[in-house]
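model-v1.tsv, holding TSV, C-alpha atoms:
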chain	number	residue	atom	x	y	z
A	1	MET	CA	79.74	124.14	166.28
A	2	ARG	CA	83.30	124.82	167.43
A	3	GLN	CA	82.82	122.45	170.34
A	4	LEU	CA	81.54	119.72	168.02
A	5	VAL	CA	84.51	120.19	165.69
A	6	ALA	CA	86.93	120.00	168.62
A	7	ARG	CA	85.32	116.81	169.91
A	8	LEU	CA	85.23	115.30	166.42
A	9	THR	CA	88.92	116.03	165.99
A	10	ALA	CA	89.63	114.39	169.34
A	11	ALA	CA	87.56	111.33	168.40
A	12	TYR	CA	89.40	110.94	165.10
A	13	THR	CA	92.81	111.39	166.75
A	14	ALA	CA	91.96	108.64	169.23
A	15	ALA	CA	90.58	106.23	166.60
A	16	PRO	CA	91.50	107.30	163.04
A	17	ALA	CA	90.27	104.04	161.49
A	18	GLU	CA	86.81	104.27	163.09
A	19	ALA	CA	83.82	104.59	160.75
A	20	LEU	CA	82.77	108.19	160.12
A	21	PRO	CA	79.27	107.79	161.64
A	22	ALA	CA	80.79	106.31	164.79
A	23	LEU	CA	83.27	109.19	165.07
A	24	LEU	CA	80.46	111.72	164.70
A	25	ALA	CA	78.27	109.88	167.20
A	26	THR	CA	81.10	109.96	169.74
A	27	ALA	CA	81.61	113.68	169.19
A	28	ILE	CA	77.89	114.46	169.56
A	29	ASP	CA	77.64	112.40	172.73
A	30	THR	CA	80.74	114.04	174.22
A	31	VAL	CA	79.37	117.52	173.54
A	32	ARG	CA	76.10	116.44	175.17
A	33	VAL	CA	77.97	115.29	178.27
A	34	ASP	CA	79.98	118.53	178.30
A	35	HIS	CA	76.76	120.45	178.96
A	36	GLY	CA	76.12	118.60	182.20
A	37	GLY	CA	72.58	118.72	183.56
A	38	GLY	CA	72.02	122.44	183.26
A	39	CYS	CA	70.57	122.47	179.73
A	40	ASP	CA	67.35	121.03	178.35
A	41	LEU	CA	68.91	119.16	175.45
A	42	SER	CA	65.63	117.43	174.65
A	43	HIS	CA	64.14	120.69	173.36
A	44	PRO	CA	63.84	120.60	169.55
A	45	GLY	CA	65.43	124.05	169.41
A	46	THR	CA	68.66	122.77	170.93
A	47	PRO	CA	71.62	124.22	168.98
A	48	ALA	CA	72.43	121.95	166.07
A	49	ALA	CA	74.85	121.78	163.17
A	50	SER	CA	74.94	120.35	159.68
A	51	VAL	CA	78.00	118.16	159.10
A	52	ALA	CA	80.12	117.29	156.08
A	53	MET	CA	83.12	114.97	156.48
A	54	LEU	CA	85.64	113.60	154.01
A	55	ARG	CA	88.39	111.03	154.50
A	56	ASP	CA	91.10	110.18	151.97
A	57	LEU	CA	91.32	106.40	151.48
A	58	GLY	CA	94.11	106.53	148.91
A	59	ASP	CA	92.36	105.54	145.70
A	60	GLN	CA	88.96	106.84	146.86
A	61	VAL	CA	87.42	109.24	149.35
A	62	GLU	CA	84.86	108.44	152.00
A	63	TYR	CA	82.19	111.03	152.77
A	64	LEU	CA	79.49	111.71	155.34
A	65	LEU	CA	76.74	114.33	155.12
A	66	LEU	CA	74.10	115.32	157.62
A	67	SER	CA	71.43	117.92	156.81
A	68	ASP	CA	71.83	120.84	154.37
A	69	VAL	CA	75.46	120.50	153.24
A	70	PHE	CA	77.03	119.52	149.92
A	71	VAL	CA	80.03	117.47	148.83
A	72	VAL	CA	81.19	117.95	145.24
A	73	LEU	CA	83.50	115.24	143.88
A	74	ASP	CA	85.53	115.59	140.68
A	75	HIS	CA	87.22	112.54	139.17
A	76	ARG	CA	88.91	113.27	135.85
A	77	GLY	CA	86.22	115.77	134.92
A	78	ASP	CA	83.30	113.59	136.01
A	79	LEU	CA	81.43	115.50	138.72
A	80	ALA	CA	79.18	114.07	141.42
A	81	VAL	CA	77.22	116.33	143.79
A	82	VAL	CA	76.12	114.62	146.99
A	83	THR	CA	73.69	116.14	149.47
A	84	ASP	CA	71.16	115.03	152.07
A	85	LYS	CA	67.84	115.40	150.25
A	86	ARG	CA	65.74	114.73	153.34
A	87	PHE	CA	66.16	118.27	154.66
A	88	GLU	CA	65.04	119.83	151.39
A	89	ARG	CA	62.09	117.46	151.14
A	90	VAL	CA	60.89	118.37	154.64
A	91	VAL	CA	61.33	122.13	154.44
A	92	THR	CA	60.11	122.77	150.89
A	93	SER	CA	56.45	123.08	151.82
A	94	VAL	CA	57.28	125.05	154.96
A	95	ARG	CA	59.38	127.54	153.02
A	96	LYS	CA	56.75	127.88	150.34
A	97	ALA	CA	54.22	128.90	152.98
A	98	ALA	CA	56.59	131.14	154.92
A	99	LEU	CA	58.55	133.11	152.34
A	100	VAL	CA	57.26	136.28	150.70
A	101	ALA	CA	59.25	137.99	147.96
A	102	GLY	CA	60.81	141.28	149.01
A	103	ALA	CA	59.96	140.89	152.70
A	104	ILE	CA	63.40	140.47	154.31
A	105	GLY	CA	63.77	142.87	157.22
A	106	THR	CA	60.04	143.37	157.80
A	107	ASP	CA	58.09	142.37	160.91
A	108	ASP	CA	56.05	140.00	158.76
A	109	HIS	CA	59.21	138.27	157.56
A	110	ILE	CA	60.46	137.86	161.14
A	111	ALA	CA	57.13	136.35	162.21
A	112	ARG	CA	57.03	133.99	159.23
A	113	THR	CA	60.62	132.89	159.84
A	114	ARG	CA	59.82	132.13	163.48
A	115	TRP	CA	56.80	130.09	162.40
A	116	ALA	CA	58.87	128.17	159.85
A	117	THR	CA	61.53	127.38	162.45
A	118	GLU	CA	58.92	125.95	164.80
A	119	GLN	CA	57.48	123.88	161.98
A	120	LYS	CA	60.90	122.41	161.23
A	121	TRP	CA	61.36	121.47	164.86
A	122	SER	CA	58.55	118.92	164.59
A	123	HIS	CA	60.56	117.10	161.90
A	124	THR	CA	64.03	117.35	163.49
A	125	ASN	CA	65.76	114.04	164.15
A	126	GLN	CA	62.63	112.05	163.38
A	127	PRO	CA	62.38	108.93	161.18
A	128	ASN	CA	60.23	110.67	158.56
A	129	GLY	CA	61.94	114.03	158.96
A	130	TYR	CA	65.55	115.09	158.67
A	131	TRP	CA	68.62	114.48	160.79
A	132	ILE	CA	71.11	116.99	162.18
A	133	ALA	CA	73.90	116.98	164.77
A	134	ALA	CA	72.27	118.21	167.97
A	135	ALA	CA	72.20	116.24	171.24
A	136	ASP	CA	71.21	112.79	169.99
A	137	PRO	CA	74.18	110.69	168.80
A	138	ARG	CA	71.78	108.39	166.90
A	139	ALA	CA	71.56	111.09	164.24
A	140	ALA	CA	75.11	110.29	163.15
A	141	HIS	CA	74.03	106.82	162.06
A	142	GLU	CA	71.33	108.34	159.85
A	143	ALA	CA	73.88	110.32	157.83
A	144	VAL	CA	74.35	109.97	154.09
A	145	THR	CA	77.60	108.08	153.53
A	146	GLY	CA	79.53	106.59	150.66
A	147	THR	CA	82.82	106.27	148.83
A	148	ALA	CA	83.88	107.49	145.40
A	149	PRO	CA	87.03	108.24	143.42
A	150	ALA	CA	88.02	111.90	143.42
A	151	ASP	CA	90.93	114.03	142.28
A	152	ARG	CA	89.51	117.03	144.13
A	153	ALA	CA	86.49	117.68	146.30
A	154	ALA	CA	84.64	120.57	147.86
A	155	LEU	CA	82.59	120.64	151.05
A	156	LEU	CA	80.07	123.47	151.31
A	157	THR	CA	77.36	124.65	153.63
A	158	ASP	CA	74.12	125.71	151.96
A	159	GLY	CA	75.16	129.33	152.45
A	160	ALA	CA	78.07	128.72	150.07
A	161	ALA	CA	76.32	126.22	147.79
A	162	CYS	CA	73.65	128.85	147.10
A	163	ALA	CA	76.13	130.32	144.59
A	164	VAL	CA	74.96	127.45	142.38
A	165	GLU	CA	71.71	126.24	143.90
A	166	GLN	CA	69.93	129.56	144.55
A	167	PHE	CA	71.66	132.42	142.78
A	168	GLY	CA	72.87	130.50	139.75
A	169	LEU	CA	76.20	132.34	139.63
A	170	PHE	CA	77.97	129.20	138.38
A	171	ASP	CA	77.36	125.60	137.51
A	172	TRP	CA	79.08	123.09	139.78
A	173	ALA	CA	82.07	122.62	137.49
A	174	SER	CA	82.71	126.37	137.36
A	175	ALA	CA	82.26	126.72	141.12
A	176	LEU	CA	84.80	123.98	141.71
A	177	ASP	CA	87.22	125.64	139.29
A	178	LEU	CA	86.81	128.96	141.11
A	179	LEU	CA	87.52	127.29	144.44
A	180	THR	CA	90.62	125.67	142.97
A	181	MET	CA	91.98	128.81	141.33
A	182	SER	CA	90.91	131.53	143.78
A	183	GLY	CA	89.99	129.78	147.03
A	184	PRO	CA	86.87	129.67	149.20
A	185	ALA	CA	87.07	133.38	150.07
A	186	GLU	CA	86.39	134.37	146.48
A	187	LEU	CA	83.36	132.09	146.20
A	188	ILE	CA	81.94	133.52	149.41
A	189	ARG	CA	82.66	137.07	148.22
A	190	ARG	CA	80.59	136.37	145.11
A	191	VAL	CA	77.76	135.00	147.23
A	192	ARG	CA	77.78	138.04	149.50
A	193	ALA	CA	77.65	140.35	146.48
A	194	ALA	CA	74.65	138.44	145.13
A	195	GLU	CA	72.91	138.63	148.50
A	196	LEU	CA	73.45	142.38	148.71
A	197	GLY	CA	72.19	142.75	145.16
A	198	ASP	CA	68.89	141.22	146.30
A	199	ALA	CA	68.88	142.55	149.86
A	200	ASP	CA	65.13	142.33	150.42
A	201	GLY	CA	64.75	138.92	148.79
A	202	ALA	CA	62.59	140.16	145.92
A	203	ALA	CA	64.35	138.07	143.26
A	204	ARG	CA	65.34	135.16	145.52
A	205	PRO	CA	62.96	134.86	148.52
A	206	ARG	CA	64.89	133.44	151.47
A	207	TYR	CA	64.99	133.36	155.26
A	208	LYS	CA	68.02	135.58	155.72
A	209	ARG	CA	69.76	138.32	153.82
A	210	HIS	CA	73.05	136.53	154.54
A	211	ASP	CA	73.42	132.87	155.44
A	212	ASP	CA	76.37	131.20	157.13
A	213	ALA	CA	78.81	130.34	154.35
A	214	THR	CA	81.68	127.89	154.66
A	215	ALA	CA	83.57	126.13	151.88
A	216	SER	CA	86.57	123.83	151.89
A	217	LEU	CA	88.58	122.45	148.96
A	218	CYS	CA	90.53	119.18	149.02
A	219	LEU	CA	93.12	118.31	146.36
A	220	PHE	CA	94.35	114.74	146.30
A	221	ASP	CA	97.62	113.13	145.21
A	222	GLN	CA	97.12	112.19	141.56
A	223	GLU	CA	99.72	109.41	141.69
A	224	HIS	CA	97.43	107.31	143.86
A	225	ARG	CA	94.43	107.80	141.58

Re-express the file's structure as structure tokens.
Amino acid sequence: MRQLVARLTAAYTAAPAEALPALLATAIDTVRVDHGGGCDLSHPGTPAASVAMLRDLGDQVEYLLLSDVFVVLDHRGDLAVVTDKRFERVVTSVRKAALVAGAIGTDDHIARTRWATEQKWSHTNQPNGYWIAAADPRAAHEAVTGTAPADRAALLTDGAACAVEQFGLFDWASALDLLTMSGPAELIRRVRAAELGDADGAARPRYKRHDDATASLCLFDQEHR
């Protein structure tokens, strides 16, 4: 992930006006080349990353999403939540078959998680599956993109968005207010507390006790909006 971010930053620095999918495609391809010929990048288990990007256009923002990430846009109190629904559509049936309440940490849970991962592989970067940033730059051109007005915006991985989507700690407006007033660290602290409060997944069956959680808040110049 760090390598992809570094290459994406380099691509943007070299061509800041380039379309977001093209910038991401360049970054993915550069990371692929960085690996040389020593890795089997065609394997469906090749390391991959979800991506959320945002660019300030002055009176609007431009966004790109790939896989299980969220962008929350607030324009004068009118909220829009954008996500890539293809991932959820693909994995819903797999998760339903794999997850057992209260099983986190057991051998059965580990085996079921491994099975679910292998099932997802068959749908990764496929036309009727879901797209993610791995070794194929074509995935970037399958991203969810758009533009919208926004006074502030949040970008969240699913491990941070679960504060709303899974644990129901807040609605989206309250989550965005918390990010604005207290910062991403406080949102993630609340998520971690909720995860520890349901450590075995009895109340909220899930793959992991703790998921990777990242959140970013963007505040825009009101004079241009």

- Task: Find the residues near Arg206 in chain A: any atom within 12 Å, counting only C-alpha atoms, skip ones fewer than 5 places away on the same chain, and give them as a ChimeraX atom specification.
- Result: /A:92,94-105,109-110,112-113,116,159,162,166-167,195,198-201,211

Written selection (C-alpha atoms) as a compact mmCIF listing (two decimals), in the coordinates of the input:
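Result saved to selection_20.txt:
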# COMPACT_ATOMS: atom_id res chain seq x y z
CA THR A 92 60.11 122.77 150.89
CA VAL A 94 57.28 125.05 154.96
CA ARG A 95 59.38 127.54 153.02
CA LYS A 96 56.75 127.88 150.34
CA ALA A 97 54.22 128.90 152.98
CA ALA A 98 56.59 131.14 154.92
CA LEU A 99 58.55 133.11 152.34
CA VAL A 100 57.26 136.28 150.70
CA ALA A 101 59.25 137.99 147.96
CA GLY A 102 60.81 141.28 149.01
CA ALA A 103 59.96 140.89 152.70
CA ILE A 104 63.40 140.47 154.31
CA GLY A 105 63.77 142.87 157.22
CA HIS A 109 59.21 138.27 157.56
CA ILE A 110 60.46 137.86 161.14
CA ARG A 112 57.03 133.99 159.23
CA THR A 113 60.62 132.89 159.84
CA ALA A 116 58.87 128.17 159.85
CA GLY A 159 75.16 129.33 152.45
CA CYS A 162 73.65 128.85 147.10
CA GLN A 166 69.93 129.56 144.55
CA PHE A 167 71.66 132.42 142.78
CA GLU A 195 72.91 138.63 148.50
CA ASP A 198 68.89 141.22 146.30
CA ALA A 199 68.88 142.55 149.86
CA ASP A 200 65.13 142.33 150.42
CA GLY A 201 64.75 138.92 148.79
CA ASP A 211 73.42 132.87 155.44

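Shortest atom-to-atom contact with Gly77 in chain A among A:Arg152, A:His35, A:His123, A:Arg190: A:Arg152, counting all atoms listed in the file.
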
- Message: Between A:Arg114, A:His75, A:Lys120, A:Arg55, which residue has the minimum interatomic distance to Phe87 in chain A, considering all atoms listed in the file?
- Response: A:Lys120

- Nearest-residue call for Ala175 in chain A, choices A:Pro16, A:Val191, A:Asp34, A:Ala22, using only C-alpha atoms: A:Val191

- Query: Restricting the calculation to all atoms listed in the file, which member of A:Val144, A:Asp56, A:Leu156, A:Ala25 is positioned closest to Lys85 in chain A?
  - Reply: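 So, comparing all the options, the nearest one is A:Val144.
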
Near Trp121 in chain A, counting all atoms listed in the file, which residues have an atom at most 12 Å away, once you skip same-chain residues fewer than 2 positions from it, shown as a PDB file with C-alpha atoms, keeping the file's coordinate frame?
ATOM      1  CA  SER A  42      65.630 117.430 174.650  1.00  0.00           C
ATOM      2  CA  HIS A  43      64.140 120.690 173.360  1.00  0.00           C
ATOM      3  CA  PRO A  44      63.840 120.600 169.550  1.00  0.00           C
ATOM      4  CA  GLY A  45      65.430 124.050 169.410  1.00  0.00           C
ATOM      5  CA  THR A  46      68.660 122.770 170.930  1.00  0.00           C
ATOM      6  CA  PRO A  47      71.620 124.220 168.980  1.00  0.00           C
ATOM      7  CA  ALA A  48      72.430 121.950 166.070  1.00  0.00           C
ATOM      8  CA  PHE A  87      66.160 118.270 154.660  1.00  0.00           C
ATOM      9  CA  VAL A  90      60.890 118.370 154.640  1.00  0.00           C
ATOM     10  CA  VAL A  91      61.330 122.130 154.440  1.00  0.00           C
ATOM     11  CA  VAL A  94      57.280 125.050 154.960  1.00  0.00           C
ATOM     12  CA  ARG A 114      59.820 132.130 163.480  1.00  0.00           C
ATOM     13  CA  TRP A 115      56.800 130.090 162.400  1.00  0.00           C
ATOM     14  CA  ALA A 116      58.870 128.170 159.850  1.00  0.00           C
ATOM     15  CA  THR A 117      61.530 127.380 162.450  1.00  0.00           C
ATOM     16  CA  GLU A 118      58.920 125.950 164.800  1.00  0.00           C
ATOM     17  CA  GLN A 119      57.480 123.880 161.980  1.00  0.00           C
ATOM     18  CA  HIS A 123      60.560 117.100 161.900  1.00  0.00           C
ATOM     19  CA  THR A 124      64.030 117.350 163.490  1.00  0.00           C
ATOM     20  CA  ASN A 125      65.760 114.040 164.150  1.00  0.00           C
ATOM     21  CA  GLN A 126      62.630 112.050 163.380  1.00  0.00           C
ATOM     22  CA  GLY A 129      61.940 114.030 158.960  1.00  0.00           C
ATOM     23  CA  TYR A 130      65.550 115.090 158.670  1.00  0.00           C
ATOM     24  CA  TRP A 131      68.620 114.480 160.790  1.00  0.00           C
ATOM     25  CA  ILE A 132      71.110 116.990 162.180  1.00  0.00           C
ATOM     26  CA  ALA A 134      72.270 118.210 167.970  1.00  0.00           C
TER      27      ALA A 134
END

- Task: Find, counting all atoms listed in the file, the residue in A:Ala160, A:Ala17, A:Ala6, A:Leu155 that gets nearest to Leu57 in chain A.
- Result: A:Ala17

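Taking CA of Ala161 in chain A as the reference point, CA of Phe70 in chain A is found at 7.1 Å.
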
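Distances from A:Ala27, A:Ala185, A:Leu176, A:Val61 to Ala14 in chain A were compared using all atoms listed in the file, and the smallest one belongs to A:Ala27.
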
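The space separating CA of Ala10 in chain A from CA of Thr214 in chain A comes to 21.5 Å.
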
- Distance CA of Pro184 in chain A-CA of Leu217 in chain A, one decimal place?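 Between these atoms lies a distance of 7.4 Å.
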
- Counting only C-alpha atoms, what is within 8 Å of Leu66 in chain A, bar same-chain residues fewer than 4 positions away, as a ChimeraX atom specification? /A:50-52,84,131-133,140,142-144

- Task: For the point (79.7, 119.3, 170.5) in the file's frame, write as a list in words all residues with an atom no more than 8 Å away, counting only C-alpha atoms.
- Result: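 Counting only C-alpha atoms, I find these residues within 8 Å of (79.7, 119.3, 170.5): Met1, Arg2, Gln3, Leu4, Val5, Ala6, Arg7, Leu8, Ala27, Ile28, Asp29, Thr30, Val31, Arg32, Asp34 and Ala134 of chain A.
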
Could you add the missing atoms to range 165-177 of chain A, up to N, CA, C and O atoms, and return them as a PDB file, in the frame of the given file?
ATOM      1  N   GLU A 165      73.058 126.736 143.702  1.00  0.00           N
ATOM      2  CA  GLU A 165      71.710 126.240 143.900  1.00  0.00           C
ATOM      3  C   GLU A 165      70.639 127.335 143.883  1.00  0.00           C
ATOM      4  O   GLU A 165      69.531 127.111 143.402  1.00  0.00           O
ATOM      5  N   GLN A 166      70.946 128.505 144.418  1.00  0.00           N
ATOM      6  CA  GLN A 166      69.930 129.560 144.550  1.00  0.00           C
ATOM      7  C   GLN A 166      70.164 130.729 143.609  1.00  0.00           C
ATOM      8  O   GLN A 166      69.255 131.142 142.886  1.00  0.00           O
ATOM      9  N   PHE A 167      71.389 131.236 143.584  1.00  0.00           N
ATOM     10  CA  PHE A 167      71.660 132.420 142.780  1.00  0.00           C
ATOM     11  C   PHE A 167      72.077 132.105 141.351  1.00  0.00           C
ATOM     12  O   PHE A 167      72.031 132.982 140.487  1.00  0.00           O
ATOM     13  N   GLY A 168      72.494 130.883 141.097  1.00  0.00           N
ATOM     14  CA  GLY A 168      72.870 130.500 139.750  1.00  0.00           C
ATOM     15  C   GLY A 168      74.061 131.267 139.200  1.00  0.00           C
ATOM     16  O   GLY A 168      74.153 131.519 137.995  1.00  0.00           O
ATOM     17  N   LEU A 169      75.004 131.605 140.067  1.00  0.00           N
ATOM     18  CA  LEU A 169      76.200 132.340 139.630  1.00  0.00           C
ATOM     19  C   LEU A 169      77.122 131.447 138.801  1.00  0.00           C
ATOM     20  O   LEU A 169      77.853 131.951 137.939  1.00  0.00           O
ATOM     21  N   PHE A 170      77.112 130.154 139.073  1.00  0.00           N
ATOM     22  CA  PHE A 170      77.970 129.200 138.380  1.00  0.00           C
ATOM     23  C   PHE A 170      77.218 127.885 138.236  1.00  0.00           C
ATOM     24  O   PHE A 170      76.208 127.656 138.914  1.00  0.00           O
ATOM     25  N   ASP A 171      77.728 127.005 137.390  1.00  0.00           N
ATOM     26  CA  ASP A 171      77.360 125.600 137.510  1.00  0.00           C
ATOM     27  C   ASP A 171      78.388 124.977 138.451  1.00  0.00           C
ATOM     28  O   ASP A 171      79.347 125.630 138.891  1.00  0.00           O
ATOM     29  N   TRP A 172      78.196 123.695 138.785  1.00  0.00           N
ATOM     30  CA  TRP A 172      79.080 123.090 139.780  1.00  0.00           C
ATOM     31  C   TRP A 172      80.518 122.991 139.298  1.00  0.00           C
ATOM     32  O   TRP A 172      81.455 123.177 140.076  1.00  0.00           O
ATOM     33  N   ALA A 173      80.706 122.722 138.021  1.00  0.00           N
ATOM     34  CA  ALA A 173      82.070 122.620 137.490  1.00  0.00           C
ATOM     35  C   ALA A 173      82.796 123.960 137.616  1.00  0.00           C
ATOM     36  O   ALA A 173      83.962 124.024 138.029  1.00  0.00           O
ATOM     37  N   SER A 174      82.095 125.046 137.285  1.00  0.00           N
ATOM     38  CA  SER A 174      82.710 126.370 137.360  1.00  0.00           C
ATOM     39  C   SER A 174      82.971 126.779 138.806  1.00  0.00           C
ATOM     40  O   SER A 174      83.986 127.415 139.105  1.00  0.00           O
ATOM     41  N   ALA A 175      82.058 126.415 139.694  1.00  0.00           N
ATOM     42  CA  ALA A 175      82.260 126.720 141.120  1.00  0.00           C
ATOM     43  C   ALA A 175      83.482 125.995 141.658  1.00  0.00           C
ATOM     44  O   ALA A 175      84.284 126.574 142.413  1.00  0.00           O
ATOM     45  N   LEU A 176      83.639 124.743 141.256  1.00  0.00           N
ATOM     46  CA  LEU A 176      84.800 123.980 141.710  1.00  0.00           C
ATOM     47  C   LEU A 176      86.092 124.548 141.134  1.00  0.00           C
ATOM     48  O   LEU A 176      87.118 124.631 141.826  1.00  0.00           O
ATOM     49  N   ASP A 177      86.046 125.004 139.895  1.00  0.00           N
ATOM     50  CA  ASP A 177      87.220 125.640 139.290  1.00  0.00           C
ATOM     51  C   ASP A 177      87.576 126.938 140.018  1.00  0.00           C
ATOM     52  O   ASP A 177      88.757 127.232 140.249  1.00  0.00           O
TER      53      ASP A 177
END
